[in-house]
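Text of the file coords-v9.txt, holding compact mmCIF, C-alpha atoms and all ligand atoms:
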```txt
# COMPACT_ATOMS: atom_id res chain seq x y z
CA MET N 1 0.91 19.23 2.00
CA TRP N 2 4.44 18.71 0.85
CA LYS N 3 5.60 15.15 1.02
CA ASN N 4 8.91 13.46 0.65
CA ARG N 5 9.34 11.23 -2.33
CA VAL N 6 11.59 8.32 -1.55
CA GLY N 7 12.20 4.98 -3.15
CA ARG N 8 10.27 2.13 -1.69
CA LEU N 9 12.50 -0.05 0.41
CA VAL N 10 12.33 -3.51 -1.00
CA SER N 11 13.32 -6.54 0.99
CA GLY N 12 16.95 -7.47 0.86
CA ILE N 13 18.29 -3.96 0.32
CA GLY N 14 20.52 -2.82 3.14
CA GLY N 15 20.05 -6.14 4.87
CA TYR N 16 16.47 -5.35 5.73
CA PRO N 17 14.65 -8.63 6.20
CA ASP N 18 11.59 -9.82 4.34
CA PRO N 19 8.49 -8.44 5.96
CA LEU N 20 6.60 -10.81 8.23
CA PRO N 21 3.70 -12.57 6.56
CA GLY N 22 0.69 -10.30 6.74
CA THR N 23 2.76 -7.14 7.09
CA ARG N 24 3.43 -4.71 4.34
CA ARG N 25 6.56 -4.19 2.39
CA ILE N 26 7.43 -0.93 4.12
CA PRO N 27 8.60 2.55 3.56
CA THR N 28 6.52 3.85 0.86
CA GLU N 29 6.66 6.98 -1.11
CA GLY N 30 4.22 9.12 0.75
CA MET N 31 1.21 7.01 1.52
CA ARG N 32 -0.19 4.32 -0.67
CA VAL N 33 -3.94 4.26 -0.88
CA ASP N 34 -5.43 0.83 -1.55
CA LEU N 35 -8.74 0.74 -3.33
CA PHE N 36 -11.48 -1.75 -2.74
CA GLU N 37 -12.31 -3.87 -5.77
CA TYR N 38 -15.44 -1.88 -6.54
CA GLN N 39 -13.54 1.40 -6.32
CA GLY N 40 -10.88 -0.08 -8.58
CA LYS N 41 -13.59 -1.01 -11.06
CA GLN N 42 -15.02 2.51 -10.95
CA PHE N 43 -11.48 3.77 -11.50
CA PHE N 44 -11.05 1.38 -14.47
CA GLY N 45 -14.45 2.40 -15.78
CA THR N 46 -13.38 6.03 -16.10
CA PHE N 47 -10.62 4.86 -18.45
CA GLY N 48 -12.99 2.82 -20.59
CA ILE N 49 -12.01 -0.61 -19.27
CA PRO N 50 -15.05 -2.90 -19.35
CA VAL N 51 -16.26 -4.00 -15.91
CA SER N 52 -19.51 -5.50 -14.68
CA PRO N 53 -22.29 -3.33 -13.27
CA GLY N 54 -22.91 -3.59 -9.55
CA GLU N 55 -23.57 -1.82 -6.28
CA PRO N 56 -21.64 -1.50 -3.05
CA VAL N 57 -23.60 -2.22 0.14
CA THR N 58 -22.95 -2.55 3.87
CA THR N 59 -25.98 -4.50 5.11
CA VAL N 60 -27.90 -7.63 4.12
CA GLU N 61 -31.05 -5.62 3.38
CA GLU N 62 -29.10 -3.27 1.12
CA ALA N 63 -27.60 -6.31 -0.62
CA VAL N 64 -31.06 -7.68 -1.33
CA ALA N 65 -32.29 -4.30 -2.54
CA ALA N 66 -29.24 -3.90 -4.78
CA ALA N 67 -29.79 -7.33 -6.33
CA GLU N 68 -33.41 -6.44 -6.98
CA ARG N 69 -32.33 -3.24 -8.73
CA LEU N 70 -29.77 -5.10 -10.84
CA ALA N 71 -32.71 -7.36 -11.75
CA THR N 72 -30.73 -10.16 -13.37
CA TYR N 73 -29.33 -13.42 -12.06
CA PRO N 74 -26.94 -14.81 -11.18
CA VAL N 75 -25.19 -12.05 -9.25
CA VAL N 76 -21.89 -12.32 -7.42
CA VAL N 77 -21.68 -11.31 -3.76
CA LYS N 78 -18.14 -10.13 -3.14
CA ALA N 79 -16.38 -9.17 0.09
CA GLN N 80 -14.56 -5.82 -0.16
CA VAL N 81 -11.32 -6.02 1.78
CA HIS N 82 -7.79 -4.87 1.04
CA VAL N 83 -6.48 -8.39 0.62
CA GLY N 84 -6.53 -10.97 -2.17
CA GLY N 85 -7.68 -14.57 -2.08
CA ARG N 86 -11.24 -13.67 -1.12
CA GLY N 87 -12.65 -16.44 -3.29
CA LYS N 88 -10.79 -19.17 -1.43
CA ALA N 89 -11.76 -17.63 1.91
CA GLY N 90 -15.48 -17.79 1.10
CA GLY N 91 -15.73 -14.09 0.32
CA VAL N 92 -16.94 -14.47 -3.30
CA LYS N 93 -20.23 -16.31 -3.93
CA LEU N 94 -22.59 -16.68 -6.85
CA ALA N 95 -26.27 -16.16 -6.02
CA GLU N 96 -28.98 -17.55 -8.32
CA ASN N 97 -31.87 -15.81 -6.58
CA ILE N 98 -32.80 -13.34 -3.88
CA ASP N 99 -32.65 -15.93 -1.08
CA GLU N 100 -29.10 -16.82 -2.00
CA VAL N 101 -28.17 -13.13 -2.07
CA ARG N 102 -29.51 -12.85 1.48
CA GLU N 103 -27.71 -16.00 2.59
CA HIS N 104 -24.33 -15.10 1.05
CA ALA N 105 -24.48 -11.47 2.17
CA SER N 106 -25.19 -12.55 5.77
CA ASN N 107 -22.31 -15.00 5.69
CA ILE N 108 -19.85 -12.63 4.07
CA LEU N 109 -20.59 -9.47 6.09
CA GLY N 110 -18.52 -9.74 9.25
CA LEU N 111 -16.35 -12.53 7.80
CA ASP N 112 -12.68 -12.43 8.79
CA ILE N 113 -10.49 -12.73 5.68
CA LYS N 114 -6.84 -12.95 6.70
CA GLY N 115 -7.44 -10.55 9.57
CA HIS N 116 -9.60 -8.17 7.54
CA ILE N 117 -13.19 -7.97 8.75
CA VAL N 118 -15.70 -7.52 5.93
CA ASN N 119 -17.85 -4.39 6.34
CA ASP N 120 -18.49 -3.76 2.66
CA VAL N 121 -19.88 -6.03 0.00
CA TRP N 122 -20.15 -5.54 -3.74
CA ILE N 123 -23.11 -7.05 -5.57
CA GLU N 124 -22.25 -7.51 -9.23
CA VAL N 125 -23.95 -8.96 -12.27
CA ALA N 126 -22.26 -12.32 -12.86
CA SER N 127 -20.27 -12.98 -16.01
CA ASP N 128 -19.85 -16.16 -18.00
CA ILE N 129 -16.24 -17.15 -18.16
CA ALA N 130 -14.51 -18.98 -21.01
CA GLU N 131 -10.96 -18.32 -19.79
CA GLU N 132 -9.25 -16.51 -16.93
CA TYR N 133 -6.07 -14.46 -17.47
CA TYR N 134 -3.86 -12.20 -15.38
CA ALA N 135 -2.74 -8.64 -16.20
CA SER N 136 -0.95 -5.94 -14.24
CA PHE N 137 1.27 -2.88 -14.37
CA THR N 138 3.62 -1.85 -11.63
CA LEU N 139 6.91 -0.02 -11.36
CA ASP N 140 10.19 -1.89 -11.73
CA ARG N 141 12.45 0.44 -9.79
CA SER N 142 15.70 -1.26 -10.69
CA ALA N 143 14.89 -1.14 -14.40
CA LYS N 144 13.50 2.40 -14.05
CA LYS N 145 10.61 1.26 -16.20
CA HIS N 146 7.01 0.24 -15.84
CA LEU N 147 6.55 -3.50 -15.79
CA GLY N 148 3.54 -5.11 -17.39
CA MET N 149 2.75 -8.74 -16.70
CA LEU N 150 0.30 -10.84 -18.64
CA SER N 151 -0.44 -14.51 -18.19
CA ALA N 152 -2.81 -17.05 -19.66
CA GLU N 153 -2.86 -18.60 -16.21
CA GLY N 154 -5.20 -16.25 -14.39
CA GLY N 155 -7.50 -16.61 -11.45
CA VAL N 156 -4.68 -17.95 -9.28
CA GLU N 157 -2.20 -15.80 -7.43
CA ILE N 158 0.57 -14.53 -9.69
CA GLU N 159 3.18 -15.50 -7.10
CA THR N 160 2.09 -19.10 -7.54
CA VAL N 161 2.40 -18.87 -11.32
CA ALA N 162 5.77 -17.16 -10.95
CA GLU N 163 6.96 -20.06 -8.84
CA ASN N 164 5.48 -23.03 -10.66
CA ASN N 165 5.52 -21.84 -14.24
CA PRO N 166 7.45 -18.58 -14.68
CA ASP N 167 7.44 -18.98 -18.47
CA ALA N 168 3.68 -18.55 -18.39
CA ILE N 169 4.13 -14.86 -17.54
CA ALA N 170 4.79 -12.56 -20.47
CA LYS N 171 6.57 -9.42 -19.28
CA ILE N 172 6.98 -6.07 -20.91
CA TRP N 173 9.11 -3.19 -19.70
CA VAL N 174 7.72 0.15 -20.78
CA ASP N 175 9.86 3.24 -20.84
CA PRO N 176 7.71 5.93 -19.20
CA VAL N 177 8.93 8.46 -21.75
CA ASP N 178 7.83 6.38 -24.74
CA GLY N 179 4.68 4.90 -23.25
CA LEU N 180 3.09 1.67 -24.45
CA THR N 181 2.84 1.58 -28.23
CA GLU N 182 0.19 -0.50 -29.92
CA GLU N 183 2.85 -2.57 -31.64
CA ALA N 184 4.55 -3.37 -28.35
CA ALA N 185 1.21 -4.24 -26.78
CA ARG N 186 0.51 -6.63 -29.68
CA ASP N 187 3.84 -8.39 -29.33
CA TRP N 188 3.33 -8.64 -25.60
CA VAL N 189 -0.13 -10.16 -25.97
CA ALA N 190 1.16 -12.58 -28.63
CA ALA N 191 3.91 -13.70 -26.23
CA ALA N 192 1.33 -14.56 -23.58
CA ASN N 193 -0.34 -17.23 -25.73
CA LEU N 194 -3.89 -16.34 -24.85
CA ASN N 195 -6.74 -17.81 -26.79
CA PRO N 196 -6.28 -16.00 -30.15
CA GLU N 197 -9.89 -14.93 -29.87
CA ALA N 198 -8.89 -12.78 -26.89
CA ASN N 199 -5.94 -11.03 -28.52
CA GLU N 200 -7.72 -8.04 -29.98
CA GLY N 201 -9.69 -7.31 -26.80
CA ALA N 202 -6.61 -7.84 -24.66
CA VAL N 203 -4.56 -5.30 -26.63
CA GLU N 204 -7.37 -2.79 -26.21
CA ILE N 205 -7.80 -3.37 -22.47
CA LEU N 206 -4.07 -3.41 -21.75
CA THR N 207 -3.59 -0.14 -23.59
CA LYS N 208 -6.33 1.40 -21.46
CA LEU N 209 -4.92 -0.24 -18.35
CA TYR N 210 -1.56 1.41 -19.01
CA THR N 211 -3.25 4.79 -19.40
CA ALA N 212 -5.20 4.21 -16.18
CA TYR N 213 -1.96 3.31 -14.40
CA VAL N 214 -0.07 6.38 -15.62
CA ASP N 215 -2.77 9.06 -15.81
CA GLY N 216 -4.50 7.69 -12.74
CA ASP N 217 -1.26 7.99 -10.70
CA ALA N 218 -1.42 4.37 -9.62
CA ASP N 219 1.45 2.36 -8.15
CA LEU N 220 -0.26 -0.86 -9.09
CA VAL N 221 -3.12 -1.91 -11.34
CA GLU N 222 -3.96 -5.58 -11.45
CA ILE N 223 -6.77 -7.51 -13.13
CA ASN N 224 -7.01 -11.09 -11.95
CA PRO N 225 -8.91 -12.58 -13.56
CA LEU N 226 -9.07 -10.77 -16.83
CA ILE N 227 -11.66 -12.91 -18.57
CA LEU N 228 -12.52 -13.97 -22.05
CA LYS N 229 -16.29 -14.41 -22.24
CA PRO N 230 -17.82 -17.18 -24.33
CA THR N 231 -19.12 -14.37 -26.54
CA GLY N 232 -15.54 -13.24 -27.29
CA GLU N 233 -15.33 -10.06 -25.17
CA VAL N 234 -12.43 -9.42 -22.83
CA HIS N 235 -13.48 -8.02 -19.47
CA ALA N 236 -12.06 -7.13 -16.04
CA LEU N 237 -13.61 -9.41 -13.41
CA ASP N 238 -11.50 -8.22 -10.48
CA ALA N 239 -9.58 -5.00 -9.78
CA LYS N 240 -6.67 -4.33 -7.51
CA VAL N 241 -5.53 -0.73 -7.58
CA THR N 242 -3.14 1.20 -5.37
CA VAL N 243 -2.79 4.91 -5.96
CA ASP N 244 0.03 7.18 -4.89
CA ASP N 245 -1.21 9.66 -2.32
CA ASN N 246 1.42 12.18 -3.45
CA ALA N 247 -0.82 12.81 -6.45
CA ASP N 248 -4.01 13.35 -4.48
CA TYR N 249 -3.97 17.04 -5.29
CA ARG N 250 -4.87 16.32 -8.89
CA HIS N 251 -7.60 13.80 -8.20
CA ASP N 252 -10.73 13.49 -6.18
CA TRP N 253 -9.79 10.60 -3.96
CA ASP N 254 -11.80 11.46 -0.86
CA ALA N 255 -13.95 8.36 -1.28
CA TYR N 256 -10.85 6.14 -1.25
CA GLU N 257 -9.50 7.93 1.80
CA VAL N 258 -12.69 7.21 3.76
CA THR N 259 -12.39 3.47 3.19
CA GLN N 260 -8.72 3.17 4.09
CA VAL N 261 -8.14 0.67 6.83
CA ARG N 262 -4.99 1.80 8.60
CA ASP N 263 -3.71 0.55 11.85
CA GLU N 264 -4.38 2.93 14.72
CA ARG N 265 -0.77 4.13 14.79
CA GLU N 266 -0.82 4.92 11.08
CA GLN N 267 -4.15 6.69 11.35
CA ALA N 268 -2.88 8.94 14.16
CA ALA N 269 0.33 9.68 12.26
CA HIS N 270 -1.56 10.38 9.06
CA GLU N 271 -3.77 12.89 10.89
CA ALA N 272 -0.67 14.56 12.34
CA GLY N 273 0.82 14.83 8.85
CA LEU N 274 3.75 12.55 9.62
CA GLN N 275 5.37 10.13 7.20
CA TYR N 276 4.85 6.98 9.25
CA VAL N 277 4.69 3.28 8.55
CA GLY N 278 3.96 0.85 11.37
CA LEU N 279 6.30 -2.14 11.68
CA GLU N 280 6.55 -5.01 14.14
CA GLY N 281 9.82 -4.43 16.02
CA SER N 282 10.57 -2.82 19.39
CA VAL N 283 12.72 0.23 18.60
CA GLY N 284 10.70 3.34 17.81
CA ILE N 285 12.37 5.45 15.12
CA ILE N 286 12.26 9.19 14.49
CA ALA N 287 14.52 10.65 11.83
CA ASN N 288 14.56 13.82 9.77
CA GLY N 289 14.44 12.90 6.13
CA ALA N 290 13.10 9.72 4.58
CA GLY N 291 16.52 8.52 3.43
CA LEU N 292 17.95 8.85 6.91
CA ALA N 293 14.88 7.16 8.38
CA MET N 294 15.41 4.18 6.10
CA SER N 295 19.10 3.99 6.89
CA THR N 296 18.16 4.09 10.55
CA LEU N 297 15.98 1.01 10.11
CA ASP N 298 18.87 -0.75 8.41
CA VAL N 299 21.37 0.15 11.12
CA VAL N 300 19.01 -0.92 13.91
CA ASN N 301 18.55 -4.17 12.07
CA GLN N 302 22.29 -4.56 11.53
CA VAL N 303 23.02 -4.42 15.24
CA GLY N 304 20.44 -7.08 15.99
CA GLY N 305 17.38 -4.99 16.73
CA SER N 306 14.17 -4.37 14.85
CA ALA N 307 12.25 -1.18 14.21
CA ALA N 308 8.71 -0.59 15.42
CA ASN N 309 8.13 1.96 12.71
CA PHE N 310 9.42 4.19 9.98
CA LEU N 311 8.92 7.88 10.78
CA ASP N 312 10.21 10.89 8.95
CA VAL N 313 9.53 14.15 10.82
CA GLY N 314 10.69 16.06 7.75
CA GLY N 315 12.41 19.41 7.83
CA GLY N 316 11.79 22.04 10.44
CA ALA N 317 12.10 21.50 14.14
CA ASP N 318 8.99 22.73 15.85
CA ALA N 319 8.17 21.13 19.17
CA GLU N 320 4.71 20.14 17.98
CA LYS N 321 6.12 17.71 15.42
CA PHE N 322 8.21 15.99 18.04
CA VAL N 323 5.28 15.96 20.47
CA ASN N 324 3.15 14.20 17.85
CA ALA N 325 5.89 11.84 16.72
CA LEU N 326 6.96 10.89 20.24
CA THR N 327 3.38 10.45 21.43
CA ILE N 328 2.42 8.16 18.53
CA ILE N 329 5.53 6.06 19.01
CA ASP N 330 5.28 5.90 22.78
CA ASN N 331 1.62 4.84 22.61
CA ASP N 332 2.66 1.77 20.64
CA PRO N 333 2.94 -1.13 23.11
CA ARG N 334 5.62 -2.73 20.89
CA VAL N 335 8.01 0.14 21.54
CA LYS N 336 10.64 -0.49 24.21
CA SER N 337 13.06 2.27 23.30
CA ILE N 338 13.10 5.27 20.97
CA PHE N 339 15.91 6.25 18.64
CA ILE N 340 15.88 9.86 17.46
CA ASN N 341 18.30 10.20 14.56
CA ILE N 342 18.87 13.77 13.40
CA PHE N 343 21.21 15.11 10.80
CA GLY N 344 21.15 18.90 10.81
CA GLY N 345 21.00 20.42 7.35
CA ILE N 346 18.90 23.42 6.48
CA THR N 347 17.30 22.88 9.85
CA ARG N 348 20.22 23.43 12.19
CA GLY N 349 21.18 21.20 15.09
CA GLU N 350 20.37 23.69 17.81
CA GLU N 351 16.90 24.29 16.41
CA VAL N 352 16.17 20.59 16.47
CA ALA N 353 17.59 20.24 19.99
CA ASN N 354 15.37 23.07 21.18
CA GLY N 355 12.37 21.42 19.53
CA ILE N 356 13.09 18.11 21.25
CA VAL N 357 13.65 19.72 24.66
CA ALA N 358 10.44 21.74 24.33
CA ALA N 359 8.49 18.64 23.29
CA LEU N 360 9.82 16.61 26.22
CA GLY N 361 8.74 19.43 28.51
CA GLN N 362 5.17 19.03 27.28
CA ILE N 363 4.74 15.26 27.35
CA ASP N 364 5.72 12.30 29.43
CA ILE N 365 7.40 9.56 27.41
CA SER N 366 7.74 6.17 29.07
CA ALA N 367 10.25 4.50 26.72
CA PRO N 368 13.91 5.50 27.10
CA ILE N 369 15.16 7.75 24.30
CA VAL N 370 18.53 7.70 22.57
CA ILE N 371 19.48 10.70 20.45
CA ARG N 372 22.10 10.99 17.79
CA LEU N 373 22.54 14.54 16.59
CA ASP N 374 24.96 15.41 13.82
CA GLY N 375 25.37 17.82 10.92
CA THR N 376 25.02 21.59 10.92
CA ASN N 377 25.59 23.10 14.37
CA ALA N 378 25.59 19.69 16.00
CA ASP N 379 27.85 20.91 18.81
CA GLN N 380 25.44 23.64 19.78
CA GLY N 381 22.56 21.18 19.61
CA ARG N 382 24.35 18.67 21.84
CA ALA N 383 25.13 21.41 24.33
CA ILE N 384 21.42 22.22 24.51
CA LEU N 385 20.52 18.57 25.14
CA GLU N 386 23.33 17.95 27.64
CA PRO N 387 21.61 19.31 30.79
CA HIS N 388 18.53 17.18 30.08
CA LEU N 389 20.32 13.87 29.78
CA SER N 390 19.39 11.02 32.12
CA ASP N 391 18.68 7.28 32.01
CA LYS N 392 15.55 8.15 30.08
CA LEU N 393 17.27 10.48 27.63
CA GLN N 394 20.67 9.46 26.38
CA MET N 395 22.92 10.75 23.66
CA ALA N 396 25.33 8.80 21.48
CA PRO N 397 28.09 10.20 19.28
CA THR N 398 27.38 8.19 16.13
CA MET N 399 24.45 6.54 14.41
CA LEU N 400 25.92 3.10 15.05
CA ASP N 401 26.51 3.80 18.77
CA ALA N 402 23.03 5.17 19.12
CA ALA N 403 21.52 2.15 17.37
CA ARG N 404 23.42 -0.22 19.66
CA LYS N 405 22.29 1.71 22.72
CA ALA N 406 18.66 1.81 21.60
CA VAL N 407 18.64 -1.93 20.80
CA GLU N 408 20.27 -2.72 24.14
CA LEU N 409 17.59 -0.67 25.93
CA ALA N 410 14.85 -2.36 23.92
CA ASN N 411 16.09 -5.78 24.94
P1 LIG J 1 -10.16 -12.93 -5.28
O1 LIG J 1 -10.30 -14.36 -4.88
O2 LIG J 1 -10.03 -12.05 -4.08
O3 LIG J 1 -9.07 -12.70 -6.24
O4 LIG J 1 -11.58 -12.51 -5.97
P2 LIG J 1 -11.99 -12.52 -7.53
O5 LIG J 1 -12.81 -11.34 -7.79
O6 LIG J 1 -10.82 -12.71 -8.41
O7 LIG J 1 -12.93 -13.79 -7.61
C1 LIG J 1 -12.42 -15.08 -7.38
C2 LIG J 1 -12.96 -16.06 -8.40
O8 LIG J 1 -14.37 -16.09 -8.35
C3 LIG J 1 -12.64 -15.68 -9.84
O9 LIG J 1 -11.36 -16.13 -10.21
C4 LIG J 1 -13.74 -16.40 -10.59
O10 LIG J 1 -13.35 -17.74 -10.84
C5 LIG J 1 -14.90 -16.38 -9.62
N1 LIG J 1 -15.83 -15.34 -10.05
C6 LIG J 1 -15.82 -14.02 -9.68
N2 LIG J 1 -16.76 -13.33 -10.34
C7 LIG J 1 -17.39 -14.22 -11.15
C8 LIG J 1 -18.44 -14.12 -12.11
O11 LIG J 1 -19.01 -13.05 -12.40
N3 LIG J 1 -18.81 -15.26 -12.74
C9 LIG J 1 -18.22 -16.46 -12.48
N4 LIG J 1 -18.62 -17.53 -13.15
N5 LIG J 1 -17.21 -16.59 -11.61
C10 LIG J 1 -16.81 -15.49 -10.95
MN MN J 2 -8.87 -11.88 -8.05
```
Once more with this new file: its structure as structure tokens, please.
Amino acid sequence: MWKNRVGRLVSGIGGYPDPLPGTRRIPTEGMRVDLFEYQGKQFFGTFGIPVSPGEPVTTVEEAVAAAERLATYPVVVKAQVHVGGRGKAGGVKLAENIDEVREHASNILGLDIKGHIVNDVWIEVASDIAEEYYASFTLDRSAKKHLGMLSAEGGVEIETVAENNPDAIAKIWVDPVDGLTEEAARDWVAAANLNPEANEGAVEILTKLYTAYVDGDADLVEINPLILKPTGEVHALDAKVTVDDNADYRHDWDAYEVTQVRDEREQAAHEAGLQYVGLEGSVGIIANGAGLAMSTLDVVNQVGGSAANFLDVGGGADAEKFVNALTIIDNDPRVKSIFINIFGGITRGEEVANGIVAALGQIDISAPIVIRLDGTNADQGRAILEPHLSDKLQMAPTMLDAARKAVELAN
């Protein structure tokens, strides 16, 4: 499937507000696929990054059986959810024997960690820890480079370190064309002031982590904590990996897909092949093109409203796309009005208008709709829509007018 590639909208750009706590940081490039820790460790393992052996389970009995197979104590019983801070929430427990495995697995399965219910648990051979560090790679869009972060203060959330002791984070910007050279990795590690005993192992792991990030088509790879063992080895004790779904054609990511926890709206949209991200506002958005969809969110926001979603219907104008898009948006109880923002390009205005009219003939939409249609053959498109206009289907001449109208209807 062809997918649009667009820049991720970061907070503050175009006046878009910070996401609400617990919500995501919106429009993504295609779909991001978050891996569970154990999947992240398997992913790391394929790139030669040392991780602990373990087994994923979904029941207490399986947990016990897995611990018996691992046949060494202590083991760690770890909740698998797409959210950090599991340790603090009681989702990571050391078990010294089989009874403790049973006890911790029963407590952790079904646990609610920041709104994520635990259905999967990872049983792992426990490691001895001398020191805990932090390491990650992600993309710095404004620098157009990959950003590596390394800190001797691991085990706590990096945001906390960034706030309390920003100097404790050693950063490296890697030009994707040059890659991470060994010399640069060495300087970076030296700047982080780890225990000197960890330096050699850290350079090796970080080099592999960079390869995993690039060749694995990840948007984010994070190891927190990266540990130094008392025996001197450096080892990944946690794994946070997000891969870019645009690259799924060159990987076998079916197993990650199965464990995705999407909200119902996102699941339905994903199945319909729509570029959709659920948000918390009240104006449903449909636009053709990801850039226009993002601008639409900004404009709705600018006139005092808030979007219930990001949705790019893409090119083309078949009725089925609009049926799917409108149905998914209208089924969302947050949605009080719908703003369809179309700029005719290769797909001409009258084709889109016909698609919308055909779709509205097939389904019953309860929220009032405001359409802005511009671009190629916009006049013809508007003429097609004209006879269908009513309180429930309005048209506005400009994007700003349409946004105002949609926000007014939503309020
Ligand atoms: P998070 O809280 O979701 O980030 O989960 P982590 O996998 O990072 O585990 C949280 C904390 O549990 C770590 O920072 C460690 O201090 C501790 N922990 C996890 N695994 C082990 C282990 O194998 N041995 C020991 N001693 N502690 C562990
Ligand atoms: Mn962690």
(request) Go through N:Ile223, N:Ala269, N:Val174, N:Ile98 and flag the residue nearest ligand LIG 1 (chain J), using all atoms listed in the file for the distances. (result)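 Among the listed residues, N:Ile223 lies closest to ligand LIG 1 (chain J).
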(message) Give me, as an MDAnalysis selection string, the set of residues whose atoms come within 10 Å of any atom of ligand LIG 1 (chain J), counting all atoms listed in the file.
(response) chainID N and resid 37:38 52 74:94 113 123:134 154:157 223:227 229 236:240
(message) Neighbouring residues of region 313-326 of chain N were defined as those with any atom within 8 Å, considering only C-alpha atoms; residues of the same chain fewer than 3 positions away were excluded. Please report them as number ranges by chain.
(response) N: 4, 269, 272, 274-275, 286-290, 329-330, 346-347, 351-352, 354-360, 362-363, 365
(request) Please indicate the distance in Å from CA of Val283 (chain N) to CA of Ile371 (chain N), rounded to one decimal place. (result)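 About the pair CA of Val283 (chain N) and CA of Ile371 (chain N): they are 12.6 Å apart.
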(message) Ranking N:Glu182, N:Glu264, N:Ala71, N:Ile158 by minimum distance to ligand MN 2 (chain J) and counting all atoms listed in the file, which one comes first?
(response)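 Ranked by minimum distance to ligand MN 2 (chain J), first place goes to N:Ile158.
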(message) Under the rule that all atoms listed in the file are counted, which of N:Thr46, N:Asn119, N:Gln39, N:Ser295 is the nearest residue to Val60 (chain N)?
(response)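 Looking only at the distances to Val60 (chain N), the closest residue turns out to be N:Asn119.
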Would you pick out the contacts of region 137-140 of chain N at 8 Å or less, using all atoms listed in the file, so that residues sharing its chain but fewer than 3 positions from it are not included, and give the list as an mmCIF file with C-alpha atoms, in the coordinates of the input?
```
data_model
loop_
_atom_site.group_PDB
_atom_site.id
_atom_site.type_symbol
_atom_site.label_atom_id
_atom_site.label_comp_id
_atom_site.auth_asym_id
_atom_site.auth_seq_id
_atom_site.Cartn_x
_atom_site.Cartn_y
_atom_site.Cartn_z
ATOM 1 C CA ALA N 143 14.890 -1.140 -14.400
ATOM 2 C CA LYS N 144 13.500 2.400 -14.050
ATOM 3 C CA LYS N 145 10.610 1.260 -16.200
ATOM 4 C CA HIS N 146 7.010 0.240 -15.840
ATOM 5 C CA LEU N 147 6.550 -3.500 -15.790
ATOM 6 C CA GLY N 148 3.540 -5.110 -17.390
ATOM 7 C CA MET N 149 2.750 -8.740 -16.700
ATOM 8 C CA LEU N 209 -4.920 -0.240 -18.350
ATOM 9 C CA TYR N 210 -1.560 1.410 -19.010
ATOM 10 C CA TYR N 213 -1.960 3.310 -14.400
ATOM 11 C CA ASP N 219 1.450 2.360 -8.150
ATOM 12 C CA LEU N 220 -0.260 -0.860 -9.090
ATOM 13 C CA VAL N 221 -3.120 -1.910 -11.340
ATOM 14 C CA GLU N 222 -3.960 -5.580 -11.450
#
```
(message) I'd like the interatomic distance between CA of Gly281 (chain N) and CA of Gly110 (chain N), to a tenth of an Å.
(response) 29.6 Å
(message) Just checking: using only C-alpha atoms and all ligand atoms, which residue out of N:Leu393, N:Val300, N:Val177, N:Val241 ends up closest to ligand MN 2 (chain J)?
(response)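 Comparing N:Leu393, N:Val300, N:Val177, N:Val241 against ligand MN 2 (chain J), the winner is N:Val241.
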(message) Report as a VMD selection string all protein, DNA and RNA residues lying within 9 Å of Ala378 (chain N), evaluated on only C-alpha atoms, omitting residues in the same chain fewer than 3 positions from it.
(response) chain N and resid 343 to 344 348 to 350 353 373 to 375 381 to 383
